[in-house]
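Source file: start_28.pdb. Holds: PDB, C-alpha atoms.
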ATOM      1  CA  ILE A   1      37.792  42.156  77.043
ATOM      2  CA  THR A   2      34.483  40.930  78.356
ATOM      3  CA  THR A   3      34.323  38.278  81.061
ATOM      4  CA  ARG A   4      31.074  36.748  82.237
ATOM      5  CA  PHE A   5      30.373  34.418  85.126
ATOM      6  CA  ASP A   6      26.920  32.847  84.962
ATOM      7  CA  LEU A   7      25.504  30.503  87.607
ATOM      8  CA  ASP A   8      22.207  29.221  86.231
ATOM      9  CA  LYS A   9      20.193  27.042  88.637
ATOM     10  CA  ARG A  10      16.781  27.538  87.008
ATOM     11  CA  ASN A  11      14.609  24.481  86.434
ATOM     12  CA  GLN A  12      13.925  25.631  82.840
ATOM     13  CA  LYS A  13      14.727  28.638  80.676
ATOM     14  CA  PHE A  14      11.166  29.356  79.480
ATOM     15  CA  ARG A  15       8.486  30.076  82.096
ATOM     16  CA  THR A  16      10.880  29.376  84.926
ATOM     17  CA  ASP A  17       9.067  28.612  88.194
ATOM     18  CA  ASP A  18      11.909  27.462  90.447
ATOM     19  CA  GLY A  19      15.567  28.237  91.031
ATOM     20  CA  TYR A  20      17.787  31.246  90.485
ATOM     21  CA  ARG A  21      20.320  32.775  88.130
ATOM     22  CA  SER A  22      23.291  34.883  89.196
ATOM     23  CA  THR A  23      25.417  36.693  86.587
ATOM     24  CA  TYR A  24      28.474  38.935  86.842
ATOM     25  CA  THR A  25      29.923  40.696  83.785
ATOM     26  CA  LEU A  26      33.110  42.768  83.551
ATOM     27  CA  ASP A  27      33.907  44.872  80.464
ATOM     28  CA  LEU A  28      37.560  45.905  80.584
ATOM     29  CA  PRO A  29      38.910  48.252  77.876
ATOM     30  CA  LEU A  30      42.487  47.106  77.188
ATOM     31  CA  ILE A  31      43.023  48.132  73.565
ATOM     32  CA  SER A  32      40.250  50.600  72.882
ATOM     33  CA  ASP A  33      39.346  54.251  72.265
ATOM     34  CA  ASN A  34      36.963  53.762  75.167
ATOM     35  CA  ASN A  35      38.310  54.069  78.737
ATOM     36  CA  THR A  36      35.175  52.868  80.544
ATOM     37  CA  LEU A  37      35.290  49.900  82.914
ATOM     38  CA  THR A  38      31.796  48.446  83.363
ATOM     39  CA  ASN A  39      30.727  46.044  86.132
ATOM     40  CA  THR A  40      27.295  44.412  86.039
ATOM     41  CA  TYR A  41      25.687  42.022  88.506
ATOM     42  CA  SER A  42      22.212  40.517  88.209
ATOM     43  CA  PHE A  43      20.329  38.032  90.342
ATOM     44  CA  GLN A  44      16.885  36.556  89.635
ATOM     45  CA  LYS A  45      15.056  34.179  91.996
ATOM     46  CA  TYR A  46      11.968  32.270  90.867
ATOM     47  CA  THR A  47       9.369  30.461  92.938
ATOM     48  CA  SER A  48       5.767  29.313  92.801
ATOM     49  CA  PHE A  49       3.423  30.198  95.698
ATOM     50  CA  TYR A  50       0.432  28.210  94.428
ATOM     51  CA  ALA A  51      -0.639  26.127  91.415
ATOM     52  CA  ASN A  52       0.487  27.589  88.073
ATOM     53  CA  ASN A  53       1.872  30.751  89.733
ATOM     54  CA  ILE A  54       5.281  32.119  88.777
ATOM     55  CA  SER A  55       6.743  34.746  91.098
ATOM     56  CA  SER A  56      10.144  36.326  90.774
ATOM     57  CA  PHE A  57      12.551  38.656  92.539
ATOM     58  CA  GLY A  58      15.253  40.440  90.556
ATOM     59  CA  PHE A  59      18.198  42.543  91.704
ATOM     60  CA  TYR A  60      20.458  44.396  89.235
ATOM     61  CA  VAL A  61      23.391  46.766  89.741
ATOM     62  CA  GLU A  62      25.744  48.295  87.205
ATOM     63  CA  SER A  63      28.610  50.775  87.339
ATOM     64  CA  ALA A  64      30.623  52.542  84.635
ATOM     65  CA  ASN A  65      33.888  54.260  85.598
ATOM     66  CA  SER A  66      36.940  55.507  83.768
ATOM     67  CA  ILE A  67      40.195  53.568  84.180
ATOM     68  CA  THR A  68      42.171  56.718  83.337
ATOM     69  CA  GLY A  69      40.406  59.055  85.763
ATOM     70  CA  ASP A  70      38.792  61.070  82.953
ATOM     71  CA  ASP A  71      35.078  61.664  82.569
ATOM     72  CA  ILE A  72      33.392  58.811  80.726
ATOM     73  CA  LYS A  73      31.816  59.584  77.367
ATOM     74  CA  LEU A  74      28.139  60.416  77.170
ATOM     75  CA  THR A  75      27.646  57.339  74.958
ATOM     76  CA  GLU A  76      29.151  55.133  77.704
ATOM     77  CA  ARG A  77      26.871  56.342  80.508
ATOM     78  CA  LEU A  78      24.220  54.032  81.885
ATOM     79  CA  PHE A  79      20.454  54.254  81.484
ATOM     80  CA  ILE A  80      17.909  52.130  83.318
ATOM     81  CA  PRO A  81      16.530  49.499  80.901
ATOM     82  CA  SER A  82      12.875  50.281  80.182
ATOM     83  CA  SER A  83      11.914  46.643  80.783
ATOM     84  CA  LYS A  84      13.207  46.977  84.368
ATOM     85  CA  LEU A  85      11.445  50.258  85.255
ATOM     86  CA  ARG A  86       7.925  50.376  83.898
ATOM     87  CA  GLY A  87       5.841  53.511  84.398
ATOM     88  CA  PHE A  88       8.605  55.823  83.164
ATOM     89  CA  GLU A  89       9.525  56.874  79.632
ATOM     90  CA  ARG A  90      12.565  55.135  78.121
ATOM     91  CA  GLY A  91      15.724  57.131  78.912
ATOM     92  CA  LYS A  92      13.824  59.923  80.671
ATOM     93  CA  VAL A  93      14.976  59.455  84.267
ATOM     94  CA  GLY A  94      18.089  60.522  86.115
ATOM     95  CA  PRO A  95      20.676  63.272  85.690
ATOM     96  CA  LYS A  96      20.074  66.031  83.149
ATOM     97  CA  ASP A  97      22.140  68.572  81.229
ATOM     98  CA  GLY A  98      19.654  71.328  80.512
ATOM     99  CA  SER A  99      16.738  69.509  78.914
ATOM    100  CA  ASP A 100      18.758  66.398  77.915
ATOM    101  CA  TYR A 101      18.873  63.248  80.032
ATOM    102  CA  VAL A 102      22.526  62.188  80.186
ATOM    103  CA  GLY A 103      22.432  58.935  82.144
ATOM    104  CA  GLY A 104      24.625  58.163  85.100
ATOM    105  CA  ASN A 105      27.591  56.128  86.250
ATOM    106  CA  TYR A 106      25.558  53.814  88.505
ATOM    107  CA  TYR A 107      22.164  52.192  88.734
ATOM    108  CA  ALA A 108      20.431  49.758  91.057
ATOM    109  CA  ILE A 109      17.125  48.017  90.360
ATOM    110  CA  ILE A 110      14.773  45.700  92.268
ATOM    111  CA  ASN A 111      11.886  43.952  90.484
ATOM    112  CA  LEU A 112       9.117  41.894  92.065
ATOM    113  CA  SER A 113       6.519  40.173  89.900
ATOM    114  CA  SER A 114       3.872  37.519  90.259
ATOM    115  CA  SER A 115       1.616  35.901  87.683
ATOM    116  CA  LEU A 116      -2.133  35.648  88.188
ATOM    117  CA  PRO A 117      -3.089  32.305  86.582
ATOM    118  CA  GLN A 118      -6.641  32.464  87.960
ATOM    119  CA  VAL A 119      -7.370  35.422  85.634
ATOM    120  CA  LEU A 120      -8.259  34.034  82.176
ATOM    121  CA  PRO A 121      -7.385  30.426  83.136
ATOM    122  CA  ASN A 122      -8.640  29.006  79.805
ATOM    123  CA  PHE A 123      -6.245  31.084  77.678
ATOM    124  CA  GLN A 124      -2.912  29.267  77.489
ATOM    125  CA  ASN A 125      -1.224  31.963  75.390
ATOM    126  CA  ILE A 126      -2.012  34.939  77.669
ATOM    127  CA  ASP A 127      -0.213  35.630  80.954
ATOM    128  CA  ILE A 128      -1.409  38.325  83.354
ATOM    129  CA  GLY A 129       0.633  39.454  86.338
ATOM    130  CA  THR A 130       1.420  42.194  88.795
ATOM    131  CA  PHE A 131       4.747  43.927  89.332
ATOM    132  CA  LEU A 132       6.638  46.342  91.540
ATOM    133  CA  ASP A 133       9.715  48.071  90.069
ATOM    134  CA  VAL A 134      12.150  50.130  92.157
ATOM    135  CA  ALA A 135      15.244  51.789  90.672
ATOM    136  CA  ASN A 136      17.789  54.547  91.062
ATOM    137  CA  LEU A 137      20.208  56.082  88.550
ATOM    138  CA  TRP A 138      22.912  58.410  89.830
ATOM    139  CA  GLY A 139      26.467  59.659  89.574
ATOM    140  CA  VAL A 140      27.777  61.881  86.797
ATOM    141  CA  ASP A 141      31.473  62.657  86.309
ATOM    142  CA  ASP A 142      30.683  66.268  85.361
ATOM    143  CA  LYS A 143      29.642  67.799  88.707
ATOM    144  CA  SER A 144      28.114  70.858  86.995
ATOM    145  CA  LEU A 145      25.223  68.750  85.691
ATOM    146  CA  ASP A 146      21.819  68.522  87.330
ATOM    147  CA  GLU A 147      21.941  65.241  89.254
ATOM    148  CA  THR A 148      18.902  63.659  90.850
ATOM    149  CA  ASN A 149      19.613  60.857  93.299
ATOM    150  CA  GLU A 150      16.075  59.745  93.996
ATOM    151  CA  ILE A 151      14.343  56.387  94.184
ATOM    152  CA  ARG A 152      11.910  55.748  91.338
ATOM    153  CA  SER A 153       9.196  53.141  91.836
ATOM    154  CA  SER A 154       6.043  51.932  90.158
ATOM    155  CA  VAL A 155       3.399  49.282  90.555
ATOM    156  CA  GLY A 156       1.185  47.826  87.865
ATOM    157  CA  ILE A 157      -0.310  45.039  85.820
ATOM    158  CA  GLY A 158       1.315  43.377  82.830
ATOM    159  CA  VAL A 159      -0.157  41.275  80.033
ATOM    160  CA  ASP A 160       1.979  38.994  77.856
ATOM    161  CA  TRP A 161       0.259  37.574  74.790
ATOM    162  CA  PHE A 162       2.085  34.893  72.791
ATOM    163  CA  THR A 163       0.898  35.300  69.187
ATOM    164  CA  PRO A 164       2.036  33.624  65.936
ATOM    165  CA  VAL A 165       3.725  36.934  65.027
ATOM    166  CA  GLY A 166       5.664  36.927  68.304
ATOM    167  CA  PRO A 167       5.094  37.891  71.933
ATOM    168  CA  LEU A 168       3.172  41.089  72.618
ATOM    169  CA  SER A 169       3.636  42.782  75.968
ATOM    170  CA  PHE A 170       1.377  45.410  77.511
ATOM    171  CA  SER A 171       1.937  47.102  80.854
ATOM    172  CA  PHE A 172      -0.216  49.487  82.846
ATOM    173  CA  ALA A 173       1.880  51.173  85.541
ATOM    174  CA  GLN A 174       1.368  53.795  88.195
ATOM    175  CA  PRO A 175       4.509  55.561  89.442
ATOM    176  CA  ILE A 176       4.731  55.708  93.236
ATOM    177  CA  THR A 177       7.896  57.782  93.668
ATOM    178  CA  LYS A 178       9.854  59.756  91.088
ATOM    179  CA  GLY A 179      12.407  62.487  90.563
ATOM    180  CA  SER A 180      11.203  66.006  89.850
ATOM    181  CA  SER A 181      12.407  65.882  86.231
ATOM    182  CA  ASP A 182      11.425  62.270  85.429
ATOM    183  CA  LYS A 183       8.937  61.634  82.622
ATOM    184  CA  THR A 184       6.247  59.069  83.431
ATOM    185  CA  GLU A 185       4.037  56.909  81.232
ATOM    186  CA  THR A 186       1.036  54.845  82.262
ATOM    187  CA  PHE A 187       0.805  52.462  79.286
ATOM    188  CA  ARG A 188       3.550  50.664  77.343
ATOM    189  CA  PHE A 189       3.357  48.246  74.413
ATOM    190  CA  ASN A 190       6.258  46.084  73.205
ATOM    191  CA  LEU A 191       6.480  43.609  70.315
TER
END

What does this structure look like when you write it as structure tokens?
Amino acid sequence: ITTRFDLDKRNQKFRTDDGYRSTYTLDLPLISDNNTLTNTYSFQKYTSFYANNISSFGFYVESANSITGDDIKLTERLFIPSSKLRGFERGKVGPKDGSDYVGGNYYAIINLSSSLPQVLPNFQNIDIGTFLDVANLWGVDDKSLDETNEIRSSVGIGVDWFTPVGPLSFSFAQPITKGSSDKTETFRFNL
């Protein structure tokens, strides 16, 4: 059973520049082969500091625990979404089993971003902005695994280009803090 509570006080869904959105989701396995209870909370606040600027603050937490007291399955463990932690390779942060990243039972993320409308002001279909991403992924049921409980953070510049094919997203990020086994990446492209 999935329950979701969503309080949406944004002024608009696309290019939001005022308001906030608060969401809580509970995934409860009642009749399932899966015994993982997942709680997710997200909060995004939007504001504009000057003309045509869009700035946002995001806070995300998620937990995955077994309702039977057993270890949760590897496929049920959490990974930090790559869109929320730029500057690091997708799925390559957090606890490891040998050379494999196995995810964790908990994560927390903070995102700060601000658009720079004064850069390329005559291009309506290109948005340029700065960002700061901070995240942590921790907790593994199997205590024999290599667990890193360290804050990961990065700062960078993002470019969103709205094309007829669809939106293209480019990010250039520089990690500030990382775990010893984390894999970093400076450039990312998404379609």

**OP:** Any chance you could resolve the PyMOL selection byres ((chain A and resi 46-62) around 6) against this file and give the residues as a list of chain:residue names?
**Re:**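 Applied to this file, the PyMOL selection byres ((chain A and resi 46-62) around 6) returns A:Asp17, A:Asp18, A:Gly19, A:Tyr20, A:Asn39, A:Thr40, A:Tyr41, A:Ser42, A:Phe43, A:Gln44, A:Lys45, A:Ser63, A:Tyr106, A:Tyr107, A:Ala108, A:Ile109, A:Ile110, A:Asn111, A:Leu112, A:Ser113, A:Ser114, A:Ser115.
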
**OP:** I need the residue set behind the PyMOL selection byres ((chain A and resi 179) around 9) for this file; please write it as a PyMOL selection string.
**Re:** chain A and resi 93-94+148-152+177-178+180-183

**OP:** For region 125-127 of chain A, work out the shell of residues within 10 Å, counting all atoms listed in the file and skipping chain neighbours fewer than 4 positions away, then give it as a PyMOL selection string.
**Re:** chain A and resi 115-117+119-121+158-163+167-169

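You can rank A:Asp71, A:Asp142, A:Asp133, A:Asp97 by their closest distance to Ser83 (chain A) using all atoms listed in the file, and at the top of that list sits A:Asp133.
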
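The space separating CA of Gly91 (chain A) from CA of Gly103 (chain A) comes to 7.7 Å.
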
**OP:** Measuring atom to atom with only C-alpha atoms, identify which of A:Ser154, A:Ser22, A:Asn105, A:Asn11 is nearest to Thr38 (chain A).
**Re:**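 When distances to Thr38 (chain A) are compared using only C-alpha atoms, the smallest one comes from A:Asn105.
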
**OP:** Let me know the residues the PyMOL selection byres ((chain A and resi 174) around 7) catches in the file above, as a PyMOL selection string.
**Re:** chain A and resi 87+154-156+173+175-176+186

**OP:** Name the residues in contact with Asp70 (chain A) at a cut-off of 9 Å, using only C-alpha atoms, excluding same-chain residues fewer than 3 positions from it; report them as a PyMOL selection string.
**Re:** chain A and resi 35+65-67+141
